[in-house]
Structure formats: structure tokens, C-alpha cells
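Student: Below is entry_26.cif; it holds mmCIF, C-alpha atoms.
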```cif
data_model
loop_
_atom_site.group_PDB
_atom_site.id
_atom_site.type_symbol
_atom_site.label_atom_id
_atom_site.label_comp_id
_atom_site.auth_asym_id
_atom_site.auth_seq_id
_atom_site.Cartn_x
_atom_site.Cartn_y
_atom_site.Cartn_z
ATOM 1 C CA MET A 28 89.864 109.384 117.395
ATOM 2 C CA THR A 29 88.371 109.765 113.913
ATOM 3 C CA ASP A 30 87.700 106.849 111.575
ATOM 4 C CA ILE A 31 89.833 106.626 108.430
ATOM 5 C CA ASP A 32 88.091 105.536 105.234
ATOM 6 C CA TRP A 33 89.281 102.074 104.169
ATOM 7 C CA ASN A 34 89.537 103.373 100.580
ATOM 8 C CA SER A 35 91.856 106.278 101.457
ATOM 9 C CA GLY A 36 95.054 104.272 101.867
ATOM 10 C CA THR A 37 97.550 102.742 99.454
ATOM 11 C CA TRP A 38 98.727 99.111 99.679
ATOM 12 C CA THR A 39 102.456 98.399 99.887
ATOM 13 C CA THR A 40 101.728 94.960 98.372
ATOM 14 C CA ALA A 41 98.276 93.949 97.148
ATOM 15 C CA PRO A 42 96.629 91.220 99.244
ATOM 16 C CA ALA A 43 95.065 88.114 97.707
ATOM 17 C CA HIS A 44 91.619 89.542 98.469
ATOM 18 C CA VAL A 45 90.099 92.604 100.178
ATOM 19 C CA GLU A 46 86.478 93.110 101.137
ATOM 20 C CA THR A 47 85.074 96.177 102.884
ATOM 21 C CA ALA A 48 81.692 96.265 104.611
ATOM 22 C CA ALA A 49 79.881 98.126 107.376
ATOM 23 C CA ASP A 50 81.728 96.078 110.016
ATOM 24 C CA GLY A 51 85.220 96.764 108.653
ATOM 25 C CA MET A 52 87.694 95.314 106.173
ATOM 26 C CA ARG A 53 88.642 91.669 105.623
ATOM 27 C CA VAL A 54 92.088 91.095 104.152
ATOM 28 C CA THR A 55 93.294 87.724 102.867
ATOM 29 C CA ALA A 56 97.073 87.535 102.803
ATOM 30 C CA VAL A 57 99.199 85.972 100.098
ATOM 31 C CA GLU A 58 101.109 82.902 101.261
ATOM 32 C CA GLY A 59 104.720 83.830 102.010
ATOM 33 C CA SER A 60 103.990 87.518 102.650
ATOM 34 C CA ASP A 61 106.229 89.095 105.281
ATOM 35 C CA ALA A 62 108.352 92.121 106.229
ATOM 36 C CA TRP A 63 111.921 91.552 107.410
ATOM 37 C CA ARG A 64 115.442 92.751 106.658
ATOM 38 C CA THR A 65 118.479 90.494 107.040
ATOM 39 C CA THR A 66 119.048 90.029 110.809
ATOM 40 C CA SER A 67 119.642 86.386 111.811
ATOM 41 C CA TYR A 68 117.712 84.948 108.827
ATOM 42 C CA GLY A 69 119.831 86.522 106.084
ATOM 43 C CA PHE A 70 116.924 87.410 103.777
ATOM 44 C CA VAL A 71 114.925 90.512 102.882
ATOM 45 C CA HIS A 72 111.140 90.168 102.681
ATOM 46 C CA ASP A 73 109.141 93.229 101.614
ATOM 47 C CA THR A 74 105.797 91.673 100.645
ATOM 48 C CA GLU A 75 103.692 92.751 103.635
ATOM 49 C CA HIS A 76 100.105 93.841 103.028
ATOM 50 C CA ALA A 77 100.031 97.313 104.618
ATOM 51 C CA LEU A 78 97.333 99.889 103.843
ATOM 52 C CA LEU A 79 99.081 103.207 104.436
ATOM 53 C CA ALA A 80 97.958 106.812 104.911
ATOM 54 C CA PRO A 81 99.896 109.843 106.223
ATOM 55 C CA LEU A 82 100.921 109.877 109.890
ATOM 56 C CA GLU A 83 101.775 113.493 110.667
ATOM 57 C CA PRO A 84 103.799 114.654 113.706
ATOM 58 C CA ASP A 85 101.815 114.751 116.963
ATOM 59 C CA THR A 86 99.213 112.255 115.754
ATOM 60 C CA ALA A 87 98.387 108.661 116.658
ATOM 61 C CA MET A 88 96.877 105.844 114.642
ATOM 62 C CA GLU A 89 94.938 102.842 115.943
ATOM 63 C CA VAL A 90 94.013 99.556 114.283
ATOM 64 C CA SER A 91 91.692 96.904 115.775
ATOM 65 C CA PHE A 92 91.054 93.261 114.856
ATOM 66 C CA PRO A 93 89.768 90.090 116.540
ATOM 67 C CA LEU A 94 92.666 87.737 117.270
ATOM 68 C CA ASP A 95 92.170 84.391 115.557
ATOM 69 C CA PHE A 96 95.589 83.150 114.424
ATOM 70 C CA SER A 97 96.527 79.487 114.037
ATOM 71 C CA ALA A 98 99.614 79.123 111.824
ATOM 72 C CA GLN A 99 103.285 79.907 112.438
ATOM 73 C CA PHE A 100 104.017 83.623 111.960
ATOM 74 C CA ASP A 101 100.404 84.726 111.267
ATOM 75 C CA GLN A 102 100.556 88.447 112.095
ATOM 76 C CA ALA A 103 98.602 91.704 112.040
ATOM 77 C CA GLY A 104 98.746 95.177 113.509
ATOM 78 C CA VAL A 105 100.089 98.600 112.542
ATOM 79 C CA PHE A 106 102.793 99.233 109.937
ATOM 80 C CA VAL A 107 104.673 102.569 110.117
ATOM 81 C CA LYS A 108 106.865 103.382 107.114
ATOM 82 C CA VAL A 109 109.471 106.027 106.351
ATOM 83 C CA ASP A 110 111.050 104.203 103.392
ATOM 84 C CA ASP A 111 111.936 100.674 102.239
ATOM 85 C CA THR A 112 114.665 100.281 104.863
ATOM 86 C CA THR A 113 113.122 102.312 107.699
ATOM 87 C CA TRP A 114 109.866 100.991 109.117
ATOM 88 C CA THR A 115 108.169 99.467 112.145
ATOM 89 C CA LYS A 116 105.539 96.760 112.303
ATOM 90 C CA ALA A 117 103.807 96.188 115.619
ATOM 91 C CA GLY A 118 100.992 93.898 116.639
ATOM 92 C CA VAL A 119 100.325 90.270 117.436
ATOM 93 C CA GLU A 120 102.190 87.389 115.832
ATOM 94 C CA ARG A 121 101.735 83.627 116.221
ATOM 95 C CA SER A 122 105.184 82.254 116.991
ATOM 96 C CA ASP A 123 106.101 78.759 118.158
ATOM 97 C CA GLY A 124 102.515 77.876 119.032
ATOM 98 C CA GLN A 125 101.529 80.980 120.960
ATOM 99 C CA ASP A 126 100.193 84.471 120.324
ATOM 100 C CA SER A 127 102.704 87.174 121.218
ATOM 101 C CA LEU A 128 102.605 90.951 121.267
ATOM 102 C CA GLY A 129 105.619 92.576 119.723
ATOM 103 C CA ALA A 130 107.337 94.795 117.224
ATOM 104 C CA VAL A 131 109.914 94.710 114.466
ATOM 105 C CA VAL A 132 111.833 97.985 114.245
ATOM 106 C CA THR A 133 113.866 98.245 111.057
ATOM 107 C CA ARG A 134 116.596 100.791 110.366
ATOM 108 C CA GLY A 135 118.566 99.068 107.621
ATOM 109 C CA VAL A 136 118.267 95.750 109.462
ATOM 110 C CA SER A 137 115.403 94.370 111.572
ATOM 111 C CA ASP A 138 115.159 94.151 115.378
ATOM 112 C CA TRP A 139 112.388 91.869 116.764
ATOM 113 C CA SER A 140 110.820 91.664 120.220
ATOM 114 C CA LEU A 141 107.942 89.468 121.444
ATOM 115 C CA SER A 142 105.994 88.899 124.664
ATOM 116 C CA PRO A 143 103.359 86.129 124.978
ATOM 117 C CA VAL A 144 99.698 87.157 125.401
ATOM 118 C CA PRO A 145 97.987 83.795 126.059
ATOM 119 C CA GLY A 146 94.694 85.312 127.218
ATOM 120 C CA TRP A 147 94.119 87.398 124.095
ATOM 121 C CA HIS A 148 92.975 84.733 121.621
ATOM 122 C CA GLY A 149 89.399 85.288 120.417
ATOM 123 C CA ARG A 150 89.284 88.852 121.746
ATOM 124 C CA LEU A 151 89.517 92.319 120.147
ATOM 125 C CA VAL A 152 93.073 93.644 119.907
ATOM 126 C CA THR A 153 93.887 97.327 119.356
ATOM 127 C CA ILE A 154 97.387 98.522 118.411
ATOM 128 C CA ARG A 155 98.188 102.243 118.728
ATOM 129 C CA ALA A 156 101.181 104.003 117.126
ATOM 130 C CA SER A 157 101.777 107.517 118.457
ATOM 131 C CA ARG A 158 104.205 109.950 116.797
ATOM 132 C CA SER A 159 105.641 112.666 119.021
ATOM 133 C CA GLY A 160 108.947 114.512 118.854
ATOM 134 C CA ASP A 161 111.692 112.102 117.811
ATOM 135 C CA ALA A 162 109.835 108.969 118.878
ATOM 136 C CA LEU A 163 107.252 106.435 117.817
ATOM 137 C CA THR A 164 105.473 104.994 120.844
ATOM 138 C CA VAL A 165 103.528 101.762 120.339
ATOM 139 C CA ARG A 166 100.870 100.607 122.779
ATOM 140 C CA ALA A 167 98.364 97.765 122.695
ATOM 141 C CA ARG A 168 95.356 96.485 124.557
ATOM 142 C CA VAL A 169 92.759 93.747 124.396
ATOM 143 C CA ASP A 170 89.059 94.664 124.614
ATOM 144 C CA ASP A 171 88.843 97.645 127.006
ATOM 145 C CA GLU A 172 91.700 96.626 129.299
ATOM 146 C CA PRO A 173 94.423 99.200 130.085
ATOM 147 C CA TRP A 174 96.975 100.058 127.422
ATOM 148 C CA ARG A 175 100.355 98.385 127.721
ATOM 149 C CA LEU A 176 103.599 99.750 126.321
ATOM 150 C CA VAL A 177 105.042 97.663 123.466
ATOM 151 C CA ARG A 178 107.928 99.744 122.142
ATOM 152 C CA VAL A 179 109.489 103.191 122.008
ATOM 153 C CA ALA A 180 111.553 103.603 118.832
ATOM 154 C CA PRO A 181 113.407 106.507 117.210
ATOM 155 C CA LEU A 182 111.562 108.298 114.410
ATOM 156 C CA ASP A 183 112.916 111.280 112.504
ATOM 157 C CA PRO A 184 110.631 114.223 113.410
ATOM 158 C CA ASP A 185 111.081 115.684 109.908
ATOM 159 C CA ALA A 186 110.380 112.466 107.979
ATOM 160 C CA ALA A 187 107.345 111.942 105.773
ATOM 161 C CA VAL A 188 105.678 108.954 107.458
ATOM 162 C CA THR A 189 102.773 106.722 106.456
ATOM 163 C CA ALA A 190 101.015 104.130 108.581
ATOM 164 C CA GLY A 191 98.054 101.789 108.695
ATOM 165 C CA PRO A 192 96.792 98.238 109.185
ATOM 166 C CA PHE A 193 98.942 95.358 107.992
ATOM 167 C CA CYS A 194 98.911 91.585 107.897
ATOM 168 C CA CYS A 195 101.263 88.854 106.707
ATOM 169 C CA ALA A 196 101.024 85.079 106.306
ATOM 170 C CA PRO A 197 104.552 83.705 105.939
ATOM 171 C CA SER A 198 103.499 80.060 106.246
ATOM 172 C CA ARG A 199 99.993 79.689 104.755
ATOM 173 C CA GLY A 200 97.694 80.960 102.022
ATOM 174 C CA ASP A 201 94.352 81.262 103.781
ATOM 175 C CA LEU A 202 94.861 83.850 106.543
ATOM 176 C CA THR A 203 92.056 86.422 106.574
ATOM 177 C CA VAL A 204 92.217 89.248 109.111
ATOM 178 C CA HIS A 205 89.056 91.202 109.940
ATOM 179 C CA PHE A 206 90.083 94.784 110.717
ATOM 180 C CA THR A 207 87.219 96.417 112.594
ATOM 181 C CA ALA A 208 88.696 99.903 113.072
ATOM 182 C CA TRP A 209 91.276 102.271 111.594
ATOM 183 C CA ARG A 210 91.443 105.600 113.422
ATOM 184 C CA LEU A 211 93.522 108.763 113.638
ATOM 185 C CA GLY A 212 93.781 111.185 116.542
ATOM 186 C CA ALA A 213 96.098 113.212 118.740
ATOM 187 C CA ALA A 214 99.415 111.773 119.869
ATOM 188 C CA ASP A 215 99.721 110.452 123.406
ATOM 189 C CA THR A 216 100.487 113.288 125.806
ATOM 190 C CA SER A 217 103.275 111.458 127.649
ATOM 191 C CA LEU A 218 105.263 108.243 127.686
ATOM 192 C CA HIS A 219 103.990 107.284 131.136
ATOM 193 C CA PRO A 220 100.273 107.454 132.021
ATOM 194 C CA ASP A 221 100.714 109.231 135.360
ATOM 195 C CA GLU A 222 102.859 112.098 134.024
#
```
Can the structure from this file be put into C-alpha cells for me?

Tutor:
Amino acid sequence: MTDIDWNSGTWTTAPAHVETAADGMRVTAVEGSDAWRTTSYGFVHDTEHALLAPLEPDTAMEVSFPLDFSAQFDQAGVFVKVDDTTWTKAGVERSDGQDSLGAVVTRGVSDWSLSPVPGWHGRLVTIRASRSGDALTVRARVDDEPWRLVRVAPLDPDAAVTAGPFCCAPSRGDLTVHFTAWRLGAADTSLHPDE
């Protein structure tokens, strides 16, 4: 994997504050920021703070950050965008008092999945989005533990796709996420590790 320069991306929505340093990028989210389309809640939110760069076919992108969430719906991870109604956000979100690993896959309307990760708080999380063929494969891990599969979602192989780190703070105005890595490399060779 090769590091991506923090200054090479474009924000979907400007954060409240951004600071880059030798140890990464700190992003302070605007209160009420989120990404969601319609399903169950009936609203469209498109105010996520996502720093996007091209994600070409047969490449993978990784984002890392220490997990230190405390408020309802604090979230960070990787955002993968085709257009305003076709995108995926994957990472960790604080929901109903616990940290959970999950993804929102949006193709006109949003589809949300979560799985609790109670042992991850205070540790380094890495989210990896791999583009291969007609699929986006999302994996995650904490520290140097084995990768776990989060989601396999359809992705048009001919689409122009951008991706990068994102965060949102739907319920507070003082969430700052410290992204420690943003990397690009080759796509995963297979869906299952022993293939």
C-alpha cells in the first residue's frame, strides 16, 4: 500500500476544522452531518465529510483511525462514491451505546447493517475497500488482528468512482477523528482468504 497525500482529495462537505500533521489528519465534524437516503427515516442527508480521490478498478483503499466515539451515531471509515444516489460508507458507528462495525450501501435508497465490536474501543481501526470486477468488498480489522469481512456490494465496473476517509457527527458538534493513514494499493485477490 502507498500513502495518499492528505491534500490530494476533495471534500464532499467541508468539515468544521481540518488539521494535518506528521501523524495524520484531524477532522472535526459539523453537528448534524450525516449520509443517508430515505429508508425507514424518510429523510435525505448528504452532509458527510468525505475526502475523496479516484478509486480505479482493481485497486483497494485503506483508512485508519483510533476508535474513541462517545455520542449517538458518531461514525468514521471509508466513503466510496459513484454519484449522489450511489455510494457506500463503511466503518465504525456508535449506535445505542455501543461501537459497531457496519456499512450503509446506497443505490437510490440506503441499506444499513451493523455488528457490535465491544473490544475495539481505544484501539486502531483500519477499514479497507477493495474494487474488483463488479463488486466492492469491504473488510476491517483492529490493530494487527485478522481482517474480517464487512460487506460485498455491487459496483459498476465501468463507473468513475472516488473514495476516501469520512466522518459524521449527527448528534454533536465536537467530534474530532484522528485519521492516521490513507493508503492505496492492489485489490484483494479473492473474496475468501484461502482461495

Student: Between A:Arg175, A:Arg199, A:His148, A:Arg134, which one has atoms that come closest to A:Val57, using all atoms listed in the file?

Tutor: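 Selected residue with least distance to A:Val57: A:Arg199.
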
Student: Any chance you could work out the residue set of the PyMOL selection byres ((chain A and resi 147) around 9) here, as a PyMOL selection string?

Tutor: chain A and resi 94+126+144-146+148-152+169-170

Student: Can you list, as a list in words, every protein, DNA or RNA residue that comes within 10 Å of A:His76 when you count only C-alpha atoms, leaving out same-chain residues fewer than 4 positions away?

Tutor: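 Selected residues are Thr37, Trp38, Thr39, Thr40, Ala41, Pro42, Ala43, Val54, Thr55, Ala56, Val57, Ser60, Asp61, Ala62, Ala103, Phe106, Gly191, Pro192, Phe193, Cys194, Cys195 and Ala196 of chain A.
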
Student: So that I have them on file, write out the residues from the current selection with C-alpha atoms, as a PDB file, keeping the file's coordinate frame.

Tutor:
```pdb
ATOM      1  CA  THR A  37      97.550 102.742  99.454  1.00  0.00           C
ATOM      2  CA  TRP A  38      98.727  99.111  99.679  1.00  0.00           C
ATOM      3  CA  THR A  39     102.456  98.399  99.887  1.00  0.00           C
ATOM      4  CA  THR A  40     101.728  94.960  98.372  1.00  0.00           C
ATOM      5  CA  ALA A  41      98.276  93.949  97.148  1.00  0.00           C
ATOM      6  CA  PRO A  42      96.629  91.220  99.244  1.00  0.00           C
ATOM      7  CA  ALA A  43      95.065  88.114  97.707  1.00  0.00           C
ATOM      8  CA  VAL A  54      92.088  91.095 104.152  1.00  0.00           C
ATOM      9  CA  THR A  55      93.294  87.724 102.867  1.00  0.00           C
ATOM     10  CA  ALA A  56      97.073  87.535 102.803  1.00  0.00           C
ATOM     11  CA  VAL A  57      99.199  85.972 100.098  1.00  0.00           C
ATOM     12  CA  SER A  60     103.990  87.518 102.650  1.00  0.00           C
ATOM     13  CA  ASP A  61     106.229  89.095 105.281  1.00  0.00           C
ATOM     14  CA  ALA A  62     108.352  92.121 106.229  1.00  0.00           C
ATOM     15  CA  ALA A 103      98.602  91.704 112.040  1.00  0.00           C
ATOM     16  CA  PHE A 106     102.793  99.233 109.937  1.00  0.00           C
ATOM     17  CA  GLY A 191      98.054 101.789 108.695  1.00  0.00           C
ATOM     18  CA  PRO A 192      96.792  98.238 109.185  1.00  0.00           C
ATOM     19  CA  PHE A 193      98.942  95.358 107.992  1.00  0.00           C
ATOM     20  CA  CYS A 194      98.911  91.585 107.897  1.00  0.00           C
ATOM     21  CA  CYS A 195     101.263  88.854 106.707  1.00  0.00           C
ATOM     22  CA  ALA A 196     101.024  85.079 106.306  1.00  0.00           C
TER      23      ALA A 196
END
```

Student: State, in Å with one decimal place, the distance from atom CA of A:Glu172 to atom CA of A:Gly160.

Tutor: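 One can read the atom CA of A:Glu172 to atom CA of A:Gly160 distance as 27.0 Å.
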
Student: List the residues selected by the PyMOL selection byres ((chain A and resi 111) around 10) in the file shown, writing them as a ChimeraX atom specification.

Tutor: /A:64,73,108-110,112-114,133-135

Student: Given the PyMOL selection byres ((chain A and resi 33) around 8) and the file above, list the residues it selects as a ChimeraX atom specification.

Tutor: /A:31-32,34-36,47,52,209

Student: Would you pick out the contacts of A:His205 at 7 Å or less, using only C-alpha atoms, so that residues sharing its chain but fewer than 2 positions from it are not included, and give the list as a list of chain:residue names?

Tutor: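 Contacts, in chain order: A:Gly51, A:Met52, A:Arg53, A:Val54, A:Phe92, A:Pro93, A:Thr203, A:Thr207.
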
Student: What separation in Å, quoted to one decimal, exists between atom CA of A:Thr115 and atom CA of A:Ala180?

Tutor: 8.6 Å

Student: Between A:Pro84, A:Gly69, A:Gly212, A:Gly59, which one has atoms that come closest to A:Val188, using all atoms listed in the file?

Tutor: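 Closest to A:Val188 of all the choices is A:Pro84.
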
Student: Determine, counting all atoms listed in the file, which protein, DNA and RNA residues have an atom within 8 Å of an atom of A:Phe96; residues of the same chain fewer than 5 positions away are not included. Present the result as a PyMOL selection string.

Tutor: chain A and resi 101-102+120-121+126+148+202

Student: Set the distance at 6 Å and use only C-alpha atoms: which residues neighbour A:Thr86 once local chain neighbours fewer than 6 positions away are removed? I'd like the list as a list in words.

Tutor: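 Non-adjacent residues within range: Arg158, Gly212, Ala213 and Ala214 of chain A.
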
Student: Write the residues of the selection above to a file with C-alpha atoms, as a JSON list (two decimals), keeping the file's coordinate frame.

Tutor:
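What follows is the written file result09.json:
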```json
[["chain", "number", "residue", "atom", "x", "y", "z"],
["A", 158, "ARG", "CA", 104.20, 109.95, 116.80],
["A", 212, "GLY", "CA", 93.78, 111.18, 116.54],
["A", 213, "ALA", "CA", 96.10, 113.21, 118.74],
["A", 214, "ALA", "CA", 99.42, 111.77, 119.87]]
```

Student: Give me, as a list of chain:residue names, all polymer residues having an atom no more than 10 Å from A:Ala87, counting all atoms listed in the file and skipping those fewer than 5 positions away in the same chain.

Tutor: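 Residues meeting the cut-off are A:Met28, A:Leu82, A:Arg155, A:Ala156, A:Ser157, A:Arg158, A:Ser159, A:Leu163, A:Thr164, A:Val165, A:Ala190, A:Arg210, A:Leu211, A:Gly212, A:Ala213, A:Ala214, A:Asp215.
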
Student: Interatomic distance between atom CA of A:Val179 and atom CA of A:Gly129?

Tutor: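 Separating atom CA of A:Val179 from atom CA of A:Gly129 is a distance of 11.5 Å.
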
Student: Given the choices A:Ala167, A:Ala77, A:Val71, A:Val107, which gets closest to A:Val45 if the distance is worked out from all atoms listed in the file?

Tutor: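 Using all atoms listed in the file, the shortest distance to A:Val45 belongs to A:Ala77.
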
Student: Find the smallest box with edges along x, y and z containing every listed atom of stretch 143-151 of chain A, then add 5 Å on each side and report centre and edge lengths in Å to one decimal, as AutoDock Vina command-line options.

Tutor:
```
--center_x 96.3 --center_y 88.1 --center_z 123.7 --size_x 24.1 --size_y 18.5 --size_z 17.1
```

Student: Can you sort out stretch 76-108 of chain A so it carries N, CA and C atoms, written as a short mmCIF file (atom, residue, chain, number, x, y, z; two decimals), in the frame of the given file?

Tutor:
```cif
data_model
loop_
_atom_site.label_atom_id
_atom_site.label_comp_id
_atom_site.auth_asym_id
_atom_site.auth_seq_id
_atom_site.Cartn_x
_atom_site.Cartn_y
_atom_site.Cartn_z
N HIS A 76 101.32 93.17 103.50
CA HIS A 76 100.10 93.84 103.03
C HIS A 76 99.79 94.95 104.03
N ALA A 77 100.25 96.17 103.73
CA ALA A 77 100.03 97.31 104.62
C ALA A 77 99.27 98.39 103.86
N LEU A 78 98.16 98.84 104.43
CA LEU A 78 97.33 99.89 103.84
C LEU A 78 97.71 101.20 104.52
N LEU A 79 98.43 102.06 103.80
CA LEU A 79 99.08 103.21 104.44
C LEU A 79 98.46 104.55 104.06
N ALA A 80 98.41 105.43 105.06
CA ALA A 80 97.96 106.81 104.91
C ALA A 80 98.91 107.68 105.73
N PRO A 81 98.94 108.99 105.49
CA PRO A 81 99.90 109.84 106.22
C PRO A 81 99.73 109.79 107.74
N LEU A 82 100.87 109.76 108.43
CA LEU A 82 100.92 109.88 109.89
C LEU A 82 101.77 111.10 110.19
N GLU A 83 101.10 112.22 110.45
CA GLU A 83 101.78 113.49 110.67
C GLU A 83 102.35 113.56 112.09
N PRO A 84 103.31 114.47 112.33
CA PRO A 84 103.80 114.65 113.71
C PRO A 84 102.65 114.97 114.66
N ASP A 85 102.79 114.50 115.89
CA ASP A 85 101.82 114.75 116.96
C ASP A 85 100.45 114.13 116.69
N THR A 86 100.45 113.01 115.94
CA THR A 86 99.21 112.26 115.75
C THR A 86 99.44 110.80 116.15
N ALA A 87 98.34 110.08 116.33
CA ALA A 87 98.39 108.66 116.66
C ALA A 87 97.41 107.92 115.76
N MET A 88 97.74 106.69 115.46
CA MET A 88 96.88 105.84 114.64
C MET A 88 96.60 104.55 115.39
N GLU A 89 95.34 104.09 115.31
CA GLU A 89 94.94 102.84 115.94
C GLU A 89 94.33 101.90 114.91
N VAL A 90 94.60 100.61 115.10
CA VAL A 90 94.01 99.56 114.28
C VAL A 90 93.49 98.48 115.23
N SER A 91 92.28 97.96 114.95
CA SER A 91 91.69 96.90 115.78
C SER A 91 91.33 95.70 114.93
N PHE A 92 91.43 94.51 115.53
CA PHE A 92 91.05 93.26 114.86
C PHE A 92 90.85 92.16 115.90
N PRO A 93 89.90 91.24 115.66
CA PRO A 93 89.77 90.09 116.54
C PRO A 93 90.94 89.14 116.30
N LEU A 94 91.49 88.61 117.37
CA LEU A 94 92.67 87.74 117.27
C LEU A 94 92.22 86.29 117.07
N ASP A 95 92.57 85.76 115.89
CA ASP A 95 92.17 84.39 115.56
C ASP A 95 93.24 83.75 114.69
N PHE A 96 94.49 83.71 115.18
CA PHE A 96 95.59 83.15 114.42
C PHE A 96 95.78 81.68 114.76
N SER A 97 96.31 80.91 113.79
CA SER A 97 96.53 79.49 114.04
C SER A 97 97.83 78.95 113.46
N ALA A 98 98.41 79.64 112.48
CA ALA A 98 99.61 79.12 111.82
C ALA A 98 100.85 79.92 112.23
N GLN A 99 102.01 79.28 112.09
CA GLN A 99 103.28 79.91 112.44
C GLN A 99 103.46 81.23 111.69
N PHE A 100 103.73 82.27 112.43
CA PHE A 100 104.02 83.62 111.96
C PHE A 100 102.81 84.38 111.39
N ASP A 101 101.57 83.88 111.55
CA ASP A 101 100.40 84.73 111.27
C ASP A 101 100.59 86.02 112.04
N GLN A 102 100.30 87.18 111.41
CA GLN A 102 100.56 88.45 112.10
C GLN A 102 99.67 89.56 111.55
N ALA A 103 99.36 90.51 112.43
CA ALA A 103 98.60 91.70 112.04
C ALA A 103 98.83 92.80 113.07
N GLY A 104 98.58 94.04 112.62
CA GLY A 104 98.75 95.18 113.51
C GLY A 104 98.89 96.46 112.73
N VAL A 105 99.82 97.30 113.18
CA VAL A 105 100.09 98.60 112.54
C VAL A 105 101.47 98.57 111.89
N PHE A 106 101.53 99.09 110.66
CA PHE A 106 102.79 99.23 109.94
C PHE A 106 103.08 100.72 109.79
N VAL A 107 104.28 101.16 110.19
CA VAL A 107 104.67 102.57 110.12
C VAL A 107 105.91 102.65 109.23
N LYS A 108 105.81 103.41 108.12
CA LYS A 108 106.86 103.38 107.11
C LYS A 108 107.43 104.76 106.83
#
```
